[in-house]
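**Q** If it helps, the file is called coords_17.cif and holds mmCIF, C-alpha atoms:
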data_coords
loop_
_atom_site.label_atom_id
_atom_site.label_comp_id
_atom_site.auth_asym_id
_atom_site.auth_seq_id
_atom_site.Cartn_x
_atom_site.Cartn_y
_atom_site.Cartn_z
CA MET A 1 19.89 -28.22 -23.84
CA THR A 2 19.00 -26.32 -26.94
CA GLU A 3 21.16 -26.00 -30.03
CA SER A 4 22.10 -22.47 -29.13
CA ASN A 5 23.44 -22.61 -25.59
CA ILE A 6 24.49 -24.80 -22.68
CA GLY A 7 20.91 -25.46 -21.59
CA THR A 8 20.94 -23.42 -18.39
CA ASN A 9 21.81 -19.96 -17.15
CA ILE A 10 21.79 -20.84 -13.43
CA ILE A 11 25.21 -20.51 -11.81
CA THR A 12 25.50 -23.07 -9.01
CA GLN A 13 29.09 -22.59 -7.84
CA ILE A 14 31.85 -20.04 -7.78
CA GLY A 15 35.16 -21.89 -7.49
CA LEU A 16 38.32 -20.32 -6.10
CA VAL A 17 41.80 -21.78 -6.03
CA VAL A 18 43.65 -21.28 -2.75
CA LYS A 19 47.08 -22.13 -1.39
CA ASP A 20 46.04 -23.36 2.04
CA ILE A 21 42.45 -24.50 2.35
CA GLU A 22 42.41 -24.55 6.16
CA LYS A 23 43.57 -20.94 6.26
CA SER A 24 40.99 -19.92 3.65
CA ILE A 25 38.17 -21.74 5.47
CA GLU A 26 39.14 -19.89 8.62
CA ALA A 27 39.07 -16.54 6.75
CA TYR A 28 35.71 -17.17 5.04
CA SER A 29 34.14 -18.37 8.27
CA SER A 30 35.51 -15.52 10.31
CA ILE A 31 34.88 -12.66 7.87
CA LEU A 32 31.51 -13.75 6.48
CA GLY A 33 30.22 -15.45 9.64
CA LEU A 34 29.73 -18.83 7.98
CA PRO A 35 29.80 -22.30 9.55
CA LYS A 36 33.05 -24.15 8.80
CA PRO A 37 32.63 -26.90 6.23
CA GLN A 38 34.47 -30.22 6.16
CA VAL A 39 37.44 -30.57 3.84
CA ILE A 40 36.92 -33.20 1.16
CA LEU A 41 39.83 -34.80 -0.74
CA THR A 42 38.85 -35.63 -4.30
CA ASP A 43 39.03 -39.29 -5.33
CA GLY A 44 42.26 -40.87 -6.53
CA TYR A 45 42.81 -41.69 -10.17
CA GLU A 46 41.13 -45.11 -9.98
CA GLN A 47 37.81 -43.48 -9.16
CA ALA A 48 38.15 -39.98 -10.59
CA GLN A 49 39.74 -40.99 -13.91
CA THR A 50 41.01 -37.44 -14.24
CA VAL A 51 42.01 -36.35 -17.71
CA TYR A 52 43.95 -33.10 -18.04
CA ARG A 53 44.61 -31.71 -21.50
CA GLY A 54 44.01 -35.11 -23.05
CA LYS A 55 46.20 -37.16 -20.71
CA PRO A 56 45.53 -39.04 -17.47
CA SER A 57 46.49 -37.04 -14.38
CA TYR A 58 46.99 -38.17 -10.80
CA ALA A 59 46.33 -34.62 -9.56
CA ARG A 60 43.76 -34.26 -6.80
CA ALA A 61 42.39 -31.38 -4.76
CA LYS A 62 41.11 -30.55 -1.32
CA LEU A 63 37.64 -29.00 -1.52
CA ALA A 64 35.35 -27.09 0.85
CA PHE A 65 31.90 -25.67 0.12
CA PHE A 66 30.06 -22.72 1.66
CA ASP A 67 26.34 -22.28 0.96
CA MET A 68 25.65 -18.73 -0.21
CA GLY A 69 22.05 -18.96 -1.34
CA GLN A 70 21.61 -20.40 -4.84
CA VAL A 71 25.36 -20.59 -5.27
CA GLN A 72 28.10 -22.29 -3.34
CA ILE A 73 31.56 -20.89 -2.82
CA GLU A 74 33.93 -23.77 -3.57
CA LEU A 75 37.46 -23.50 -2.22
CA ILE A 76 40.01 -25.65 -4.03
CA GLU A 77 43.55 -26.39 -2.89
CA PRO A 78 45.42 -28.28 -5.60
CA VAL A 79 47.13 -31.50 -4.48
CA GLY A 80 49.73 -32.69 -6.96
CA GLU A 81 49.68 -31.77 -10.62
CA PRO A 82 48.98 -31.21 -13.46
CA SER A 83 45.50 -29.76 -13.14
CA THR A 84 43.54 -26.69 -14.17
CA TRP A 85 43.53 -25.76 -10.47
CA LYS A 86 47.34 -25.81 -10.12
CA GLU A 87 47.76 -24.06 -13.45
CA ALA A 88 45.45 -21.22 -12.36
CA LEU A 89 47.07 -20.86 -8.94
CA ASP A 90 50.54 -20.70 -10.49
CA ALA A 91 49.44 -18.23 -13.18
CA LYS A 92 47.38 -15.72 -11.18
CA GLY A 93 47.57 -16.66 -7.52
CA GLU A 94 44.54 -17.13 -5.31
CA GLY A 95 41.20 -16.09 -6.72
CA VAL A 96 38.18 -17.15 -8.74
CA HIS A 97 38.87 -20.02 -11.11
CA HIS A 98 35.44 -20.97 -12.46
CA ILE A 99 31.69 -20.68 -12.39
CA ALA A 100 29.72 -23.92 -12.53
CA PHE A 101 26.48 -25.02 -14.15
CA GLN A 102 24.44 -28.22 -13.73
CA VAL A 103 23.94 -29.75 -17.16
CA LYS A 104 22.47 -32.77 -18.87
CA GLY A 105 24.31 -34.44 -21.75
CA THR A 106 27.88 -33.38 -21.01
CA ASP A 107 29.26 -34.62 -24.33
CA GLN A 108 26.87 -32.45 -26.33
CA VAL A 109 27.47 -29.37 -24.19
CA VAL A 110 31.24 -29.86 -24.44
CA ALA A 111 30.95 -30.22 -28.22
CA TYR A 112 28.85 -27.05 -28.40
CA LEU A 113 31.34 -25.06 -26.30
CA GLU A 114 34.30 -26.37 -28.28
CA SER A 115 32.52 -25.23 -31.44
CA LYS A 116 32.51 -21.77 -29.84
CA GLY A 117 36.28 -21.90 -29.29
CA VAL A 118 36.12 -22.89 -25.62
CA PRO A 119 38.34 -25.97 -25.16
CA LEU A 120 37.85 -28.83 -22.72
CA VAL A 121 40.87 -28.82 -20.39
CA GLN A 122 39.98 -31.24 -17.61
CA GLN A 123 37.38 -33.88 -16.93
CA GLY A 124 36.81 -36.35 -14.12
CA ARG A 125 34.30 -38.24 -12.05
CA TYR A 126 32.96 -37.97 -8.55
CA THR A 127 30.55 -40.28 -6.75
CA GLY A 128 27.31 -40.00 -8.71
CA GLY A 129 28.47 -37.71 -11.46
CA MET A 130 31.12 -36.09 -13.56
CA TYR A 131 32.67 -32.67 -14.06
CA SER A 132 34.21 -30.91 -17.04
CA TYR A 133 36.28 -27.74 -17.10
CA LEU A 134 36.33 -25.65 -20.27
CA ASP A 135 38.75 -22.77 -20.51
CA ALA A 136 36.87 -19.59 -21.48
CA THR A 137 39.52 -17.34 -19.95
CA SER A 138 40.27 -15.53 -23.19
CA GLN A 139 36.57 -14.94 -24.01
CA LEU A 140 34.78 -14.74 -20.63
CA GLY A 141 37.60 -14.13 -18.17
CA LEU A 142 37.08 -17.43 -16.37
CA VAL A 143 36.77 -21.20 -16.69
CA LEU A 144 33.36 -22.84 -17.09
CA GLU A 145 32.60 -26.00 -15.13
CA LEU A 146 29.87 -28.39 -16.20
CA LEU A 147 28.51 -30.67 -13.47
CA GLU A 148 26.34 -33.62 -14.42
CA ASN A 149 24.79 -35.82 -11.79
CA PHE A 150 23.83 -39.25 -13.13
CA GLU A 151 20.26 -40.48 -12.67
CA MET B 152 22.95 -7.49 10.54
CA THR B 153 24.16 -9.38 13.55
CA GLU B 154 27.31 -8.58 15.49
CA SER B 155 29.17 -11.47 13.97
CA ASN B 156 28.82 -11.13 10.22
CA ILE B 157 27.67 -8.96 7.33
CA GLY B 158 24.01 -9.82 7.82
CA THR B 159 23.54 -11.96 4.71
CA ASN B 160 25.13 -14.89 2.94
CA ILE B 161 23.28 -14.40 -0.36
CA ILE B 162 25.59 -13.52 -3.23
CA THR B 163 23.73 -11.30 -5.69
CA GLN B 164 26.43 -10.44 -8.22
CA ILE B 165 29.69 -11.73 -9.61
CA GLY B 166 31.61 -8.76 -11.03
CA LEU B 167 34.29 -9.10 -13.70
CA VAL B 168 36.59 -6.41 -15.03
CA VAL B 169 37.00 -6.42 -18.80
CA LYS B 170 38.98 -4.43 -21.34
CA ASP B 171 36.26 -4.00 -23.96
CA ILE B 172 32.71 -4.39 -22.71
CA GLU B 173 31.13 -4.67 -26.17
CA LYS B 174 33.45 -7.54 -27.04
CA SER B 175 32.76 -9.26 -23.70
CA ILE B 176 28.99 -8.84 -24.08
CA GLU B 177 29.25 -10.43 -27.50
CA ALA B 178 31.24 -13.37 -26.05
CA TYR B 179 28.89 -13.95 -23.09
CA SER B 180 25.83 -13.72 -25.32
CA SER B 181 27.26 -15.99 -27.97
CA ILE B 182 28.81 -18.66 -25.73
CA LEU B 183 26.15 -18.84 -23.02
CA GLY B 184 23.15 -18.07 -25.24
CA LEU B 185 22.10 -15.00 -23.25
CA PRO B 186 20.20 -11.91 -24.41
CA LYS B 187 22.46 -8.89 -24.87
CA PRO B 188 22.08 -6.31 -22.12
CA GLN B 189 22.34 -2.55 -22.50
CA VAL B 190 25.60 -0.87 -21.54
CA ILE B 191 25.22 1.60 -18.66
CA LEU B 192 27.76 4.33 -17.96
CA THR B 193 28.07 5.02 -14.24
CA ASP B 194 27.20 8.51 -13.06
CA GLY B 195 29.74 11.33 -13.13
CA TYR B 196 31.33 12.61 -9.96
CA GLU B 197 28.54 15.08 -9.16
CA GLN B 198 26.08 12.20 -8.73
CA ALA B 199 28.31 9.26 -7.85
CA GLN B 200 30.56 11.08 -5.38
CA THR B 201 33.12 8.36 -5.88
CA VAL B 202 35.78 8.03 -3.21
CA TYR B 203 38.77 5.83 -3.96
CA ARG B 204 41.24 5.09 -1.18
CA GLY B 205 40.05 8.11 0.75
CA LYS B 206 40.14 10.65 -2.08
CA PRO B 207 37.55 11.83 -4.60
CA SER B 208 37.89 10.12 -7.98
CA TYR B 209 36.44 11.03 -11.35
CA ALA B 210 36.76 7.43 -12.51
CA ARG B 211 33.68 5.87 -14.04
CA ALA B 212 32.83 2.52 -15.60
CA LYS B 213 30.71 0.96 -18.31
CA LEU B 214 28.51 -1.78 -16.86
CA ALA B 215 26.41 -4.61 -18.28
CA PHE B 216 24.39 -7.20 -16.36
CA PHE B 217 23.40 -10.76 -17.27
CA ASP B 218 20.76 -12.54 -15.18
CA MET B 219 22.02 -15.97 -14.15
CA GLY B 220 19.40 -17.05 -11.64
CA GLN B 221 19.90 -15.63 -8.15
CA VAL B 222 23.10 -13.96 -9.25
CA GLN B 223 23.93 -11.49 -11.95
CA ILE B 224 27.15 -11.47 -13.94
CA GLU B 225 28.28 -7.84 -13.96
CA LEU B 226 30.78 -6.83 -16.63
CA ILE B 227 32.79 -3.72 -15.81
CA GLU B 228 34.97 -1.76 -18.20
CA PRO B 229 36.90 0.92 -16.31
CA VAL B 230 36.60 4.45 -17.74
CA GLY B 231 39.29 6.76 -16.43
CA GLU B 232 41.07 6.19 -13.14
CA PRO B 233 41.86 5.65 -10.31
CA SER B 234 39.40 2.96 -9.34
CA THR B 235 39.38 -0.53 -7.88
CA TRP B 236 38.25 -1.71 -11.34
CA LYS B 237 41.25 -0.22 -13.18
CA GLU B 238 43.60 -1.38 -10.45
CA ALA B 239 42.36 -4.98 -10.75
CA LEU B 240 42.47 -4.96 -14.55
CA ASP B 241 46.04 -3.65 -14.53
CA ALA B 242 47.16 -6.12 -11.87
CA LYS B 243 45.62 -9.38 -13.08
CA GLY B 244 43.94 -8.76 -16.41
CA GLU B 245 40.36 -9.68 -17.18
CA GLY B 246 38.55 -11.80 -14.64
CA VAL B 247 36.45 -11.84 -11.50
CA HIS B 248 36.85 -8.75 -9.36
CA HIS B 249 34.18 -9.08 -6.69
CA ILE B 250 31.14 -10.81 -5.27
CA ALA B 251 28.32 -8.58 -4.09
CA PHE B 252 25.84 -8.70 -1.23
CA GLN B 253 22.75 -6.59 -0.52
CA VAL B 254 23.10 -5.09 2.93
CA LYS B 255 21.39 -2.75 5.35
CA GLY B 256 23.42 -0.27 7.38
CA THR B 257 26.50 0.08 5.18
CA ASP B 258 28.49 2.04 7.77
CA GLN B 259 28.15 -0.70 10.38
CA VAL B 260 29.00 -3.47 7.91
CA VAL B 261 32.03 -1.55 6.69
CA ALA B 262 33.16 -1.00 10.28
CA TYR B 263 32.70 -4.72 10.99
CA LEU B 264 34.71 -5.75 7.93
CA GLU B 265 37.45 -3.24 8.65
CA SER B 266 37.68 -4.70 12.16
CA LYS B 267 38.39 -8.03 10.42
CA GLY B 268 41.24 -6.48 8.42
CA VAL B 269 39.26 -5.95 5.20
CA PRO B 270 39.73 -2.31 4.17
CA LEU B 271 37.24 -0.08 2.38
CA VAL B 272 38.81 0.90 -0.95
CA GLN B 273 36.02 2.54 -2.93
CA GLN B 274 32.57 3.90 -2.29
CA GLY B 275 30.03 5.70 -4.39
CA ARG B 276 26.38 6.29 -5.14
CA TYR B 277 23.96 5.24 -7.82
CA THR B 278 20.35 6.26 -8.29
CA GLY B 279 18.54 4.89 -5.25
CA GLY B 280 21.49 3.49 -3.40
CA MET B 281 25.18 3.22 -2.68
CA TYR B 282 27.98 0.71 -3.14
CA SER B 283 31.13 -0.04 -1.16
CA TYR B 284 34.12 -2.15 -2.21
CA LEU B 285 36.23 -3.77 0.50
CA ASP B 286 39.44 -5.47 -0.51
CA ALA B 287 39.50 -9.02 0.85
CA THR B 288 41.97 -10.20 -1.80
CA SER B 289 44.59 -11.30 0.71
CA GLN B 290 42.08 -13.19 2.89
CA LEU B 291 39.32 -14.37 0.51
CA GLY B 292 40.92 -14.04 -2.93
CA LEU B 293 38.48 -11.37 -4.08
CA VAL B 294 36.88 -8.00 -3.34
CA LEU B 295 33.57 -7.78 -1.47
CA GLU B 296 30.94 -5.34 -2.69
CA LEU B 297 28.17 -4.12 -0.41
CA LEU B 298 25.07 -2.79 -2.18
CA GLU B 299 22.51 -0.82 -0.19
CA ASN B 300 19.31 0.37 -1.77
CA PHE B 301 17.73 3.24 0.12
CA GLU B 302 14.09 2.96 1.22
#
Would you mind writing the file's structure down as structure tokens?
**A**
Amino acid sequence: MTESNIGTNIITQIGLVVKDIEKSIEAYSSILGLPKPQVILTDGYEQAQTVYRGKPSYARAKLAFFDMGQVQIELIEPVGEPSTWKEALDAKGEGVHHIAFQVKGTDQVVAYLESKGVPLVQQGRYTGGMYSYLDATSQLGLVLELLENFE
Amino acid sequence: MTESNIGTNIITQIGLVVKDIEKSIEAYSSILGLPKPQVILTDGYEQAQTVYRGKPSYARAKLAFFDMGQVQIELIEPVGEPSTWKEALDAKGEGVHHIAFQVKGTDQVVAYLESKGVPLVQQGRYTGGMYSYLDATSQLGLVLELLENFE
């Protein structure tokens, strides 16, 4: 990354929160003619070490990914709470929650974005990497997700 | 296109409705480190021939585009009404309104999507092409935009 931005302008995912992931998968597959992806349940707290607004959270999510060229559509059904996913679904209903970027040096990028008034709201791990959600709703109209895959 | 889908799975734009496009451009440029794009006012009715829910509309919009790899972020500030842009801004506030695809044979793709329960809500022209918005909010959580550039 440079001093002046998040180090990339390539959007890799568009994430949507949904109420019923099986129903949404069916709709995306049927309407857009896409192969049906597997549903993945995010790791439990032991592995994911989810932190939501500064506190540990046992919230999880069911995920499904559709390849749409450079970007993936990520469907997210919240499981338990609290999480940024459940918060968004409760506040605005189904729809786009975030756009994601692949980054290097999460801590520095988070610090940069926080210096711009975009707070970290949720962070966790997945096999081989970590994710961070920063809430830019008031400035950009959506949440930013940083994905960092470890070497 | 094939019989079974819209003929492409490549998302080319993510469109967001915003209240004040200059303010949003400033935020996107500042937070994501992007060059500031020009603001474009869509054509008036004579050129755009905008149709909203089956009736002519004099609604326009201010647009700005950020290149984010394969996809563009399109900021849209509604000017006048009625339009799908104003409707979305009034209903849910600032945020993602649509994802766009480049298509061939708009009429056939629209007919296909309508057969899947996704209604055409707005259509219009721009120099060299035409756009169509189909409201998949209840099925996919967003609006689909079809862009067709004429040969």
**Q** Name the residues that the PyMOL selection byres ((chain A) within 7 of (chain B)) pulls out of this structure, and write them as a short mmCIF file (atom, residue, chain, number, x, y, z; two decimals) with C-alpha atoms, in the frame of the given file.
**A**
data_model
loop_
_atom_site.label_atom_id
_atom_site.label_comp_id
_atom_site.auth_asym_id
_atom_site.auth_seq_id
_atom_site.Cartn_x
_atom_site.Cartn_y
_atom_site.Cartn_z
CA SER A 4 22.10 -22.47 -29.13
CA ASN A 5 23.44 -22.61 -25.59
CA ILE A 6 24.49 -24.80 -22.68
CA ASN A 9 21.81 -19.96 -17.15
CA ILE A 10 21.79 -20.84 -13.43
CA ILE A 11 25.21 -20.51 -11.81
CA SER A 24 40.99 -19.92 3.65
CA ALA A 27 39.07 -16.54 6.75
CA TYR A 28 35.71 -17.17 5.04
CA ILE A 31 34.88 -12.66 7.87
CA LEU A 32 31.51 -13.75 6.48
CA GLY A 33 30.22 -15.45 9.64
CA MET A 68 25.65 -18.73 -0.21
CA GLY A 69 22.05 -18.96 -1.34
CA GLN A 70 21.61 -20.40 -4.84
CA LYS A 92 47.38 -15.72 -11.18
CA GLU A 94 44.54 -17.13 -5.31
CA GLY A 95 41.20 -16.09 -6.72
CA VAL A 96 38.18 -17.15 -8.74
CA LEU A 113 31.34 -25.06 -26.30
CA LYS A 116 32.51 -21.77 -29.84
CA GLN A 139 36.57 -14.94 -24.01
CA LEU A 140 34.78 -14.74 -20.63
CA GLY A 141 37.60 -14.13 -18.17
CA LEU A 142 37.08 -17.43 -16.37
#
**Q** So what do you get for atom CA of B:Gln273 versus atom CA of A:Ala88, distance-wise?
**A**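 The value is 27.2 Å.
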**Q** Select, from A:Ile21, A:Ala64, A:Ser57, A:Gln102, the residue with the minimum atom-to-atom distance to A:Pro37, counting all atoms listed in the file.
**A** A:Ala64
**Q** For atom CA of B:Asp286 and atom CA of B:Pro270, quote the distance in Å rounded to one decimal.
**A**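 Computed distance, atom CA of B:Asp286 to atom CA of B:Pro270, equals 5.7 Å.
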**Q** If I take atom CA of B:Ala199 and atom CA of B:Tyr277, how far is one from the other in Å, to one decimal?
**A**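 The value is 5.9 Å.
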**Q** Which residues come within 9 Å of B:Val202, counting all atoms listed in the file, excluding same-chain residues fewer than 4 positions away, as a PyMOL selection string?
**A** chain B and resi 206-209+234+272-275
**Q** Using all atoms listed in the file, which protein or nucleic acid residues come within 6 Å of B:Leu214? Drop anything in the same chain fewer than 2 positions from it, and give the result as an MDAnalysis selection string.
**A** chainID B and resid 190:191 226:227
**Q** Find the residues around A:Thr106 up to 8 Å (only C-alpha atoms counted), leave out those fewer than 4 positions away in its own chain, and share them as a PyMOL selection string.
**A** chain A and resi 110+132+146+148
**Q** Nearest to A:Leu41 among A:Glu77, A:Asp107, A:Glu151, A:Asp20, with distances taken over only C-alpha atoms: which residue is it?
**A** A:Glu77
**Q** Taking only C-alpha atoms into account, name the residue in B:Val260, B:Leu240, B:Ala251, B:Leu271 that is nearest to B:Gln164.
**A** B:Ala251
**Q** Would you mind completing stretch 159-177 of chain B to N, CA, C and O atoms and writing the output as a short mmCIF file (atom, residue, chain, number, x, y, z; two decimals), keeping the file's coordinate frame?
**A**
data_model
loop_
_atom_site.label_atom_id
_atom_site.label_comp_id
_atom_site.auth_asym_id
_atom_site.auth_seq_id
_atom_site.Cartn_x
_atom_site.Cartn_y
_atom_site.Cartn_z
N THR B 159 24.11 -11.19 5.82
CA THR B 159 23.54 -11.96 4.71
C THR B 159 24.61 -12.91 4.19
O THR B 159 25.81 -12.63 4.31
N ASN B 160 24.17 -14.03 3.63
CA ASN B 160 25.13 -14.89 2.94
C ASN B 160 24.71 -15.11 1.48
O ASN B 160 25.18 -16.03 0.83
N ILE B 161 23.81 -14.25 1.00
CA ILE B 161 23.28 -14.40 -0.36
C ILE B 161 24.10 -13.56 -1.34
O ILE B 161 24.07 -12.33 -1.29
N ILE B 162 24.82 -14.23 -2.20
CA ILE B 162 25.59 -13.52 -3.23
C ILE B 162 24.64 -13.09 -4.34
O ILE B 162 23.87 -13.90 -4.86
N THR B 163 24.66 -11.80 -4.67
CA THR B 163 23.73 -11.30 -5.69
C THR B 163 24.41 -10.96 -7.02
O THR B 163 23.74 -10.87 -8.03
N GLN B 164 25.70 -10.74 -6.98
CA GLN B 164 26.43 -10.44 -8.22
C GLN B 164 27.83 -11.05 -8.19
O GLN B 164 28.44 -11.15 -7.13
N ILE B 165 28.29 -11.39 -9.38
CA ILE B 165 29.69 -11.73 -9.61
C ILE B 165 30.20 -10.69 -10.59
O ILE B 165 29.70 -10.61 -11.73
N GLY B 166 31.14 -9.85 -10.18
CA GLY B 166 31.61 -8.76 -11.03
C GLY B 166 32.95 -9.08 -11.66
O GLY B 166 33.86 -9.51 -10.97
N LEU B 167 33.03 -8.88 -12.97
CA LEU B 167 34.29 -9.10 -13.70
C LEU B 167 34.75 -7.81 -14.34
O LEU B 167 33.93 -7.07 -14.91
N VAL B 168 36.03 -7.53 -14.28
CA VAL B 168 36.59 -6.41 -15.03
C VAL B 168 37.00 -6.89 -16.41
O VAL B 168 37.55 -7.98 -16.56
N VAL B 169 36.70 -6.07 -17.40
CA VAL B 169 37.00 -6.42 -18.80
C VAL B 169 37.61 -5.22 -19.51
O VAL B 169 37.44 -4.07 -19.07
N LYS B 170 38.30 -5.50 -20.59
CA LYS B 170 38.98 -4.43 -21.34
C LYS B 170 38.03 -3.73 -22.30
O LYS B 170 38.12 -2.54 -22.54
N ASP B 171 37.13 -4.51 -22.90
CA ASP B 171 36.26 -4.00 -23.96
C ASP B 171 34.87 -4.59 -23.73
O ASP B 171 34.62 -5.76 -24.06
N ILE B 172 33.99 -3.82 -23.16
CA ILE B 172 32.71 -4.39 -22.71
C ILE B 172 31.85 -4.88 -23.88
O ILE B 172 31.15 -5.89 -23.74
N GLU B 173 31.93 -4.21 -25.02
CA GLU B 173 31.13 -4.67 -26.17
C GLU B 173 31.59 -6.06 -26.63
O GLU B 173 30.77 -6.93 -26.93
N LYS B 174 32.89 -6.24 -26.64
CA LYS B 174 33.45 -7.54 -27.04
C LYS B 174 33.07 -8.62 -26.02
O LYS B 174 32.71 -9.75 -26.39
N SER B 175 33.11 -8.28 -24.74
CA SER B 175 32.76 -9.26 -23.70
C SER B 175 31.27 -9.59 -23.72
O SER B 175 30.88 -10.74 -23.52
N ILE B 176 30.44 -8.58 -23.96
CA ILE B 176 28.99 -8.84 -24.08
C ILE B 176 28.73 -9.80 -25.23
O ILE B 176 27.96 -10.76 -25.10
N GLU B 177 29.39 -9.56 -26.33
CA GLU B 177 29.25 -10.43 -27.50
C GLU B 177 29.63 -11.87 -27.14
O GLU B 177 28.93 -12.82 -27.49
#
